[in-house]
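Novice: Have a peek at data-v7.pdb (PDB, C-alpha atoms).
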ATOM      1  CA  MET A 516    -106.134  49.493  82.565
ATOM      2  CA  THR A 517    -109.403  51.342  83.082
ATOM      3  CA  PRO A 518    -111.353  51.029  86.325
ATOM      4  CA  GLY A 519    -114.087  49.108  84.456
ATOM      5  CA  GLY A 520    -111.482  46.706  83.055
ATOM      6  CA  ARG A 521    -110.051  46.114  86.524
ATOM      7  CA  LEU A 522    -113.487  45.358  87.865
ATOM      8  CA  ARG A 523    -114.186  42.888  85.057
ATOM      9  CA  ALA A 524    -110.840  41.166  85.622
ATOM     10  CA  LEU A 525    -111.533  40.966  89.345
ATOM     11  CA  LEU A 526    -115.008  39.512  88.790
ATOM     12  CA  ALA A 527    -113.637  36.990  86.290
ATOM     13  CA  PHE A 528    -111.003  35.915  88.808
ATOM     14  CA  ALA A 529    -113.626  35.519  91.553
ATOM     15  CA  ALA A 530    -115.853  33.461  89.217
ATOM     16  CA  VAL A 531    -112.980  31.142  88.280
ATOM     17  CA  LEU A 532    -112.070  30.728  91.951
ATOM     18  CA  ALA A 533    -115.649  29.865  92.899
ATOM     19  CA  ALA A 534    -115.878  27.379  90.010
ATOM     20  CA  LEU A 535    -112.689  25.645  91.141
ATOM     21  CA  VAL A 536    -113.923  25.357  94.721
ATOM     22  CA  PHE A 537    -117.263  23.865  93.688
ATOM     23  CA  CYS A 538    -115.601  21.458  91.217
ATOM     24  CA  GLY A 539    -113.388  20.232  94.037
ATOM     25  CA  ALA A 540    -116.432  19.506  96.192
ATOM     26  CA  GLY A 541    -117.932  17.363  93.440
ATOM     27  CA  GLN A 542    -114.777  15.341  93.089
ATOM     28  CA  ALA A 543    -114.764  14.564  96.793
ATOM     29  CA  LYS A 544    -117.822  12.332  96.436
ATOM     30  CA  THR A 545    -116.278  10.452  93.522
ATOM     31  CA  SER A 546    -113.039   9.901  95.425
ATOM     32  CA  CYS A 547    -115.045   8.677  98.419
ATOM     33  CA  ALA A 548    -116.724   6.087  96.213
ATOM     34  CA  SER A 549    -113.337   5.134  94.774
ATOM     35  CA  ALA A 550    -111.899   4.780  98.264
ATOM     36  CA  LEU A 551    -114.812   2.570  99.270
ATOM     37  CA  LEU A 552    -114.353   0.348  96.228
ATOM     38  CA  SER A 553    -110.604   0.139  96.908
ATOM     39  CA  ASP A 554    -111.391  -0.810 100.505
ATOM     40  CA  TRP A 555    -113.680  -3.579  99.230
ATOM     41  CA  ARG A 556    -111.090  -5.049  96.797
ATOM     42  CA  ASP A 557    -109.879  -7.536  99.412
ATOM     43  CA  GLY A 558    -113.445  -8.851  99.772
ATOM     44  CA  ARG A 559    -114.520  -6.867 102.818
ATOM     45  CA  ILE A 560    -115.136  -3.258 103.798
ATOM     46  CA  ASP A 561    -113.025  -2.291 106.797
ATOM     47  CA  GLY A 562    -113.706   1.461 106.891
ATOM     48  CA  THR A 563    -116.804   3.399 107.809
ATOM     49  CA  TYR A 564    -118.212   5.788 105.205
ATOM     50  CA  SER A 565    -121.164   8.139 104.938
ATOM     51  CA  VAL A 566    -124.470   6.817 103.645
ATOM     52  CA  ALA A 567    -124.094   9.058 100.586
ATOM     53  CA  CYS A 568    -120.695   7.487  99.878
ATOM     54  CA  TYR A 569    -122.175   3.976  99.800
ATOM     55  CA  GLN A 570    -124.962   5.175  97.503
ATOM     56  CA  THR A 571    -122.484   6.893  95.161
ATOM     57  CA  ALA A 572    -120.281   3.795  95.081
ATOM     58  CA  LEU A 573    -123.275   1.649  94.116
ATOM     59  CA  ALA A 574    -124.283   4.134  91.410
ATOM     60  CA  HIS A 575    -120.776   4.177  89.905
ATOM     61  CA  LEU A 576    -119.974   0.484  90.298
ATOM     62  CA  PRO A 577    -118.380  -0.838  87.077
ATOM     63  CA  GLU A 578    -120.611  -3.310  85.255
ATOM     64  CA  ASP A 579    -118.047  -6.138  85.296
ATOM     65  CA  VAL A 580    -117.552  -5.765  89.051
ATOM     66  CA  ARG A 581    -121.337  -5.716  89.512
ATOM     67  CA  ILE A 582    -121.803  -8.919  87.487
ATOM     68  CA  TYR A 583    -118.776 -11.030  88.398
ATOM     69  CA  SER A 584    -118.241 -10.197  92.070
ATOM     70  CA  SER A 585    -120.081  -9.796  95.329
ATOM     71  CA  ALA A 586    -119.295  -6.069  95.484
ATOM     72  CA  GLU A 587    -122.875  -4.914  95.004
ATOM     73  CA  SER A 588    -124.293  -7.109  97.763
ATOM     74  CA  ASP A 589    -121.346  -6.379 100.074
ATOM     75  CA  ILE A 590    -121.730  -2.620  99.640
ATOM     76  CA  LYS A 591    -125.521  -2.854 100.084
ATOM     77  CA  ARG A 592    -125.011  -4.843 103.278
ATOM     78  CA  ALA A 593    -122.554  -2.234 104.578
ATOM     79  CA  LEU A 594    -125.008   0.523 103.579
ATOM     80  CA  VAL A 595    -127.793  -1.104 105.589
ATOM     81  CA  ALA A 596    -125.486  -1.520 108.594
ATOM     82  CA  ARG A 597    -124.386   2.114 108.343
ATOM     83  CA  SER A 598    -127.997   3.299 107.987
ATOM     84  CA  HIS A 599    -128.958   1.400 111.123
ATOM     85  CA  ALA A 600    -126.001   2.919 112.980
ATOM     86  CA  VAL A 601    -127.006   6.421 111.902
ATOM     87  CA  LEU A 602    -130.628   5.845 112.950
ATOM     88  CA  ALA A 603    -129.553   4.430 116.297
ATOM     89  CA  ALA A 604    -127.283   7.394 117.056
ATOM     90  CA  PRO A 605    -128.586   9.957 119.535
ATOM     91  CA  ALA A 606    -130.562  12.862 118.096
ATOM     92  CA  LYS A 607    -127.803  15.258 119.105
ATOM     93  CA  ALA A 608    -125.259  13.510 116.870
ATOM     94  CA  GLN A 609    -127.710  13.587 113.954
ATOM     95  CA  LYS A 610    -128.227  17.352 114.381
ATOM     96  CA  GLN A 611    -124.478  17.946 114.276
ATOM     97  CA  SER A 612    -123.968  15.860 111.114
ATOM     98  CA  ARG A 613    -126.735  17.711 109.252
ATOM     99  CA  SER A 614    -125.874  21.205 110.465
ATOM    100  CA  SER A 615    -124.076  22.494 107.346
ATOM    101  CA  ASP A 616    -125.909  21.414 104.207
ATOM    102  CA  GLY A 617    -128.038  18.427 105.113
ATOM    103  CA  SER A 618    -125.462  15.719 104.420
ATOM    104  CA  GLY A 619    -122.478  16.627 106.591
ATOM    105  CA  ASP A 620    -120.152  16.234 103.576
ATOM    106  CA  GLY A 621    -118.475  18.759 101.342
ATOM    107  CA  VAL A 622    -117.695  22.444 101.630
ATOM    108  CA  SER A 623    -120.123  24.960 103.080
ATOM    109  CA  PRO A 624    -121.287  27.453 100.423
ATOM    110  CA  LEU A 625    -121.096  30.192 103.045
ATOM    111  CA  LEU A 626    -117.411  29.428 103.589
ATOM    112  CA  VAL A 627    -116.785  29.609  99.836
ATOM    113  CA  LEU A 628    -118.492  32.991  99.629
ATOM    114  CA  ALA A 629    -116.527  34.300 102.611
ATOM    115  CA  ILE A 630    -113.207  33.234 101.088
ATOM    116  CA  ALA A 631    -114.128  34.645  97.676
ATOM    117  CA  GLY A 632    -115.183  37.926  99.318
ATOM    118  CA  ALA A 633    -111.909  38.145 101.223
ATOM    119  CA  ILE A 634    -109.941  37.574  98.037
ATOM    120  CA  VAL A 635    -111.968  40.192  96.172
ATOM    121  CA  ALA A 636    -111.428  42.687  99.009
ATOM    122  CA  ALA A 637    -107.688  41.966  99.066
ATOM    123  CA  MET A 638    -107.417  42.358  95.291
ATOM    124  CA  GLY A 639    -109.354  45.657  95.479
ATOM    125  CA  SER A 640    -107.015  46.918  98.170
ATOM    126  CA  ALA A 641    -103.986  45.906  96.121
ATOM    127  CA  PHE A 642    -105.355  47.762  93.077
ATOM    128  CA  ALA A 643    -106.009  50.842  95.207
ATOM    129  CA  LEU A 644    -102.427  50.806  96.520
ATOM    130  CA  VAL A 645    -100.981  50.455  93.009
ATOM    131  CA  ARG A 646    -102.974  53.474  91.855
TER     132      ARG A 646
END
Would you put the structure from the file into structure tokens?
Specialist:
Amino acid sequence: MTPGGRLRALLAFAAVLAALVFCGAGQAKTSCASALLSDWRDGRIDGTYSVACYQTALAHLPEDVRIYSSAESDIKRALVARSHAVLAAPAKAQKQSRSSDGSGDGVSPLLVLAIAGAIVAAMGSAFALVR
């Protein structure tokens, strides 16, 4: 394999890795909404979720559940309670929850880049040793 071919293969691998990491972060919000809806199935919400999770659950609420149950109003009520709790928290706690990307959820893009860079460096070192 030529040095240019190795570089292309390495870049393709890094791109696929980055895509997988970011796809996983997107699924986390959906699973949070699913967990919230599962928590509600007994008619009450026992857990505490992020404000974004309540909003996502409301946005993805199935139409039949929205029409024939109290899920929408129950989730909205829990969202309001959670919003009040967040606003009442000390400013220090709010700074810590928004420190990474503004929401406190998900994977830091800087961490993804650091991991991808480490993998690229390791692959480059492995190719150099094989040569």
Novice: Run the PyMOL selection byres ((chain A and resi 564) around 9) mentally over the shown coordinates, then write out the matched residues as a list in words, using the chain letters and numbers from the document.
Specialist: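 In the shown coordinates, the PyMOL selection byres ((chain A and resi 564) around 9) covers Cys547, Leu551, Gly562, Thr563, Ser565, Val566, Ala567, Cys568, Tyr569, Leu594 and Arg597 of chain A.
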Novice: Grab the CA of Ala550 in chain A to CA of Ala572 in chain A distance for me, in Å with one decimal place.
Specialist: 9.0 Å
Novice: Report, in Å with one decimal, the straight-line distance from CA of Leu628 in chain A to CA of Gly520 in chain A.
Specialist: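 If I compute the distance from CA of Leu628 in chain A to CA of Gly520 in chain A, I get 22.6 Å.
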Novice: So how far away is CA of Ile560 in chain A from CA of Asp589 in chain A, in Å?
Specialist: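 Taking CA of Asp589 in chain A and CA of Ile560 in chain A, their separation equals 7.9 Å.
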Novice: Using all atoms listed in the file, pick whichever of A:Ala629, A:Met638, A:His599, A:Ser549 has the shortest atom-to-atom distance to Thr571 in chain A.
Specialist: A:Ser549
Novice: Point out the residue among A:Leu602, A:Pro624, A:Ala593, A:Gly639 with the least atom-to-atom distance to Asp554 in chain A, counting only C-alpha atoms.
Specialist: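 Among A:Leu602, A:Pro624, A:Ala593, A:Gly639, it is A:Ala593 that comes nearest to Asp554 in chain A.
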Novice: Missing atoms in range 553-582 of chain A should be modelled up to N, CA and C atoms and reported as a PDB file, in the coordinates of the input.
Specialist:
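File produced: result-v6.pdb:
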ATOM      1  N   SER A 553    -111.963   0.631  96.626  1.00  0.00           N
ATOM      2  CA  SER A 553    -110.604   0.139  96.908  1.00  0.00           C
ATOM      3  C   SER A 553    -110.565  -0.623  98.228  1.00  0.00           C
ATOM      4  N   ASP A 554    -111.310  -0.135  99.209  1.00  0.00           N
ATOM      5  CA  ASP A 554    -111.391  -0.810 100.505  1.00  0.00           C
ATOM      6  C   ASP A 554    -112.024  -2.196 100.340  1.00  0.00           C
ATOM      7  N   TRP A 555    -112.993  -2.312  99.443  1.00  0.00           N
ATOM      8  CA  TRP A 555    -113.680  -3.579  99.230  1.00  0.00           C
ATOM      9  C   TRP A 555    -112.824  -4.596  98.470  1.00  0.00           C
ATOM     10  N   ARG A 556    -111.841  -4.168  97.712  1.00  0.00           N
ATOM     11  CA  ARG A 556    -111.090  -5.049  96.797  1.00  0.00           C
ATOM     12  C   ARG A 556    -110.571  -6.327  97.451  1.00  0.00           C
ATOM     13  N   ASP A 557    -110.336  -6.309  98.754  1.00  0.00           N
ATOM     14  CA  ASP A 557    -109.879  -7.536  99.412  1.00  0.00           C
ATOM     15  C   ASP A 557    -111.048  -8.427  99.850  1.00  0.00           C
ATOM     16  N   GLY A 558    -112.282  -8.027  99.477  1.00  0.00           N
ATOM     17  CA  GLY A 558    -113.445  -8.851  99.772  1.00  0.00           C
ATOM     18  C   GLY A 558    -114.239  -8.416 100.989  1.00  0.00           C
ATOM     19  N   ARG A 559    -113.773  -7.383 101.670  1.00  0.00           N
ATOM     20  CA  ARG A 559    -114.520  -6.867 102.818  1.00  0.00           C
ATOM     21  C   ARG A 559    -114.298  -5.368 102.935  1.00  0.00           C
ATOM     22  N   ILE A 560    -115.211  -4.709 103.607  1.00  0.00           N
ATOM     23  CA  ILE A 560    -115.136  -3.258 103.798  1.00  0.00           C
ATOM     24  C   ILE A 560    -114.740  -3.013 105.249  1.00  0.00           C
ATOM     25  N   ASP A 561    -113.539  -2.505 105.452  1.00  0.00           N
ATOM     26  CA  ASP A 561    -113.025  -2.291 106.797  1.00  0.00           C
ATOM     27  C   ASP A 561    -113.366  -0.912 107.345  1.00  0.00           C
ATOM     28  N   GLY A 562    -113.453   0.087 106.459  1.00  0.00           N
ATOM     29  CA  GLY A 562    -113.706   1.461 106.891  1.00  0.00           C
ATOM     30  C   GLY A 562    -115.184   1.745 107.088  1.00  0.00           C
ATOM     31  N   THR A 563    -115.442   2.919 107.638  1.00  0.00           N
ATOM     32  CA  THR A 563    -116.804   3.399 107.809  1.00  0.00           C
ATOM     33  C   THR A 563    -116.957   4.649 106.960  1.00  0.00           C
ATOM     34  N   TYR A 564    -117.995   4.694 106.143  1.00  0.00           N
ATOM     35  CA  TYR A 564    -118.212   5.788 105.205  1.00  0.00           C
ATOM     36  C   TYR A 564    -119.601   6.364 105.419  1.00  0.00           C
ATOM     37  N   SER A 565    -119.838   7.525 104.836  1.00  0.00           N
ATOM     38  CA  SER A 565    -121.164   8.139 104.938  1.00  0.00           C
ATOM     39  C   SER A 565    -122.153   7.340 104.089  1.00  0.00           C
ATOM     40  N   VAL A 566    -123.418   7.495 104.406  1.00  0.00           N
ATOM     41  CA  VAL A 566    -124.470   6.817 103.645  1.00  0.00           C
ATOM     42  C   VAL A 566    -124.409   7.253 102.187  1.00  0.00           C
ATOM     43  N   ALA A 567    -124.182   8.535 101.955  1.00  0.00           N
ATOM     44  CA  ALA A 567    -124.094   9.058 100.586  1.00  0.00           C
ATOM     45  C   ALA A 567    -122.930   8.423  99.825  1.00  0.00           C
ATOM     46  N   CYS A 568    -121.856   8.115 100.524  1.00  0.00           N
ATOM     47  CA  CYS A 568    -120.695   7.487  99.878  1.00  0.00           C
ATOM     48  C   CYS A 568    -121.047   6.082  99.392  1.00  0.00           C
ATOM     49  N   TYR A 569    -121.751   5.318 100.224  1.00  0.00           N
ATOM     50  CA  TYR A 569    -122.175   3.976  99.800  1.00  0.00           C
ATOM     51  C   TYR A 569    -123.093   4.064  98.589  1.00  0.00           C
ATOM     52  N   GLN A 570    -124.022   5.017  98.614  1.00  0.00           N
ATOM     53  CA  GLN A 570    -124.962   5.175  97.503  1.00  0.00           C
ATOM     54  C   GLN A 570    -124.235   5.570  96.220  1.00  0.00           C
ATOM     55  N   THR A 571    -123.261   6.475  96.333  1.00  0.00           N
ATOM     56  CA  THR A 571    -122.484   6.893  95.161  1.00  0.00           C
ATOM     57  C   THR A 571    -121.657   5.735  94.621  1.00  0.00           C
ATOM     58  N   ALA A 572    -121.078   4.949  95.515  1.00  0.00           N
ATOM     59  CA  ALA A 572    -120.281   3.795  95.081  1.00  0.00           C
ATOM     60  C   ALA A 572    -121.155   2.793  94.329  1.00  0.00           C
ATOM     61  N   LEU A 573    -122.361   2.568  94.816  1.00  0.00           N
ATOM     62  CA  LEU A 573    -123.275   1.649  94.116  1.00  0.00           C
ATOM     63  C   LEU A 573    -123.670   2.208  92.751  1.00  0.00           C
ATOM     64  N   ALA A 574    -123.880   3.514  92.679  1.00  0.00           N
ATOM     65  CA  ALA A 574    -124.283   4.134  91.410  1.00  0.00           C
ATOM     66  C   ALA A 574    -123.164   4.103  90.376  1.00  0.00           C
ATOM     67  N   HIS A 575    -121.912   4.137  90.831  1.00  0.00           N
ATOM     68  CA  HIS A 575    -120.776   4.177  89.905  1.00  0.00           C
ATOM     69  C   HIS A 575    -120.013   2.857  89.844  1.00  0.00           C
ATOM     70  N   LEU A 576    -120.619   1.796  90.304  1.00  0.00           N
ATOM     71  CA  LEU A 576    -119.974   0.484  90.298  1.00  0.00           C
ATOM     72  C   LEU A 576    -119.809   0.001  88.861  1.00  0.00           C
ATOM     73  N   PRO A 577    -118.580  -0.343  88.449  1.00  0.00           N
ATOM     74  CA  PRO A 577    -118.380  -0.838  87.077  1.00  0.00           C
ATOM     75  C   PRO A 577    -119.221  -2.094  86.820  1.00  0.00           C
ATOM     76  N   GLU A 578    -119.702  -2.215  85.608  1.00  0.00           N
ATOM     77  CA  GLU A 578    -120.611  -3.310  85.255  1.00  0.00           C
ATOM     78  C   GLU A 578    -119.969  -4.679  85.465  1.00  0.00           C
ATOM     79  N   ASP A 579    -118.687  -4.834  85.111  1.00  0.00           N
ATOM     80  CA  ASP A 579    -118.047  -6.138  85.296  1.00  0.00           C
ATOM     81  C   ASP A 579    -117.916  -6.496  86.770  1.00  0.00           C
ATOM     82  N   VAL A 580    -117.643  -5.512  87.607  1.00  0.00           N
ATOM     83  CA  VAL A 580    -117.552  -5.765  89.051  1.00  0.00           C
ATOM     84  C   VAL A 580    -118.933  -6.119  89.586  1.00  0.00           C
ATOM     85  N   ARG A 581    -119.958  -5.443  89.086  1.00  0.00           N
ATOM     86  CA  ARG A 581    -121.337  -5.716  89.512  1.00  0.00           C
ATOM     87  C   ARG A 581    -121.758  -7.150  89.163  1.00  0.00           C
ATOM     88  N   ILE A 582    -121.369  -7.606  87.965  1.00  0.00           N
ATOM     89  CA  ILE A 582    -121.803  -8.919  87.487  1.00  0.00           C
ATOM     90  C   ILE A 582    -120.977 -10.062  88.079  1.00  0.00           C
TER      91      ILE A 582
END
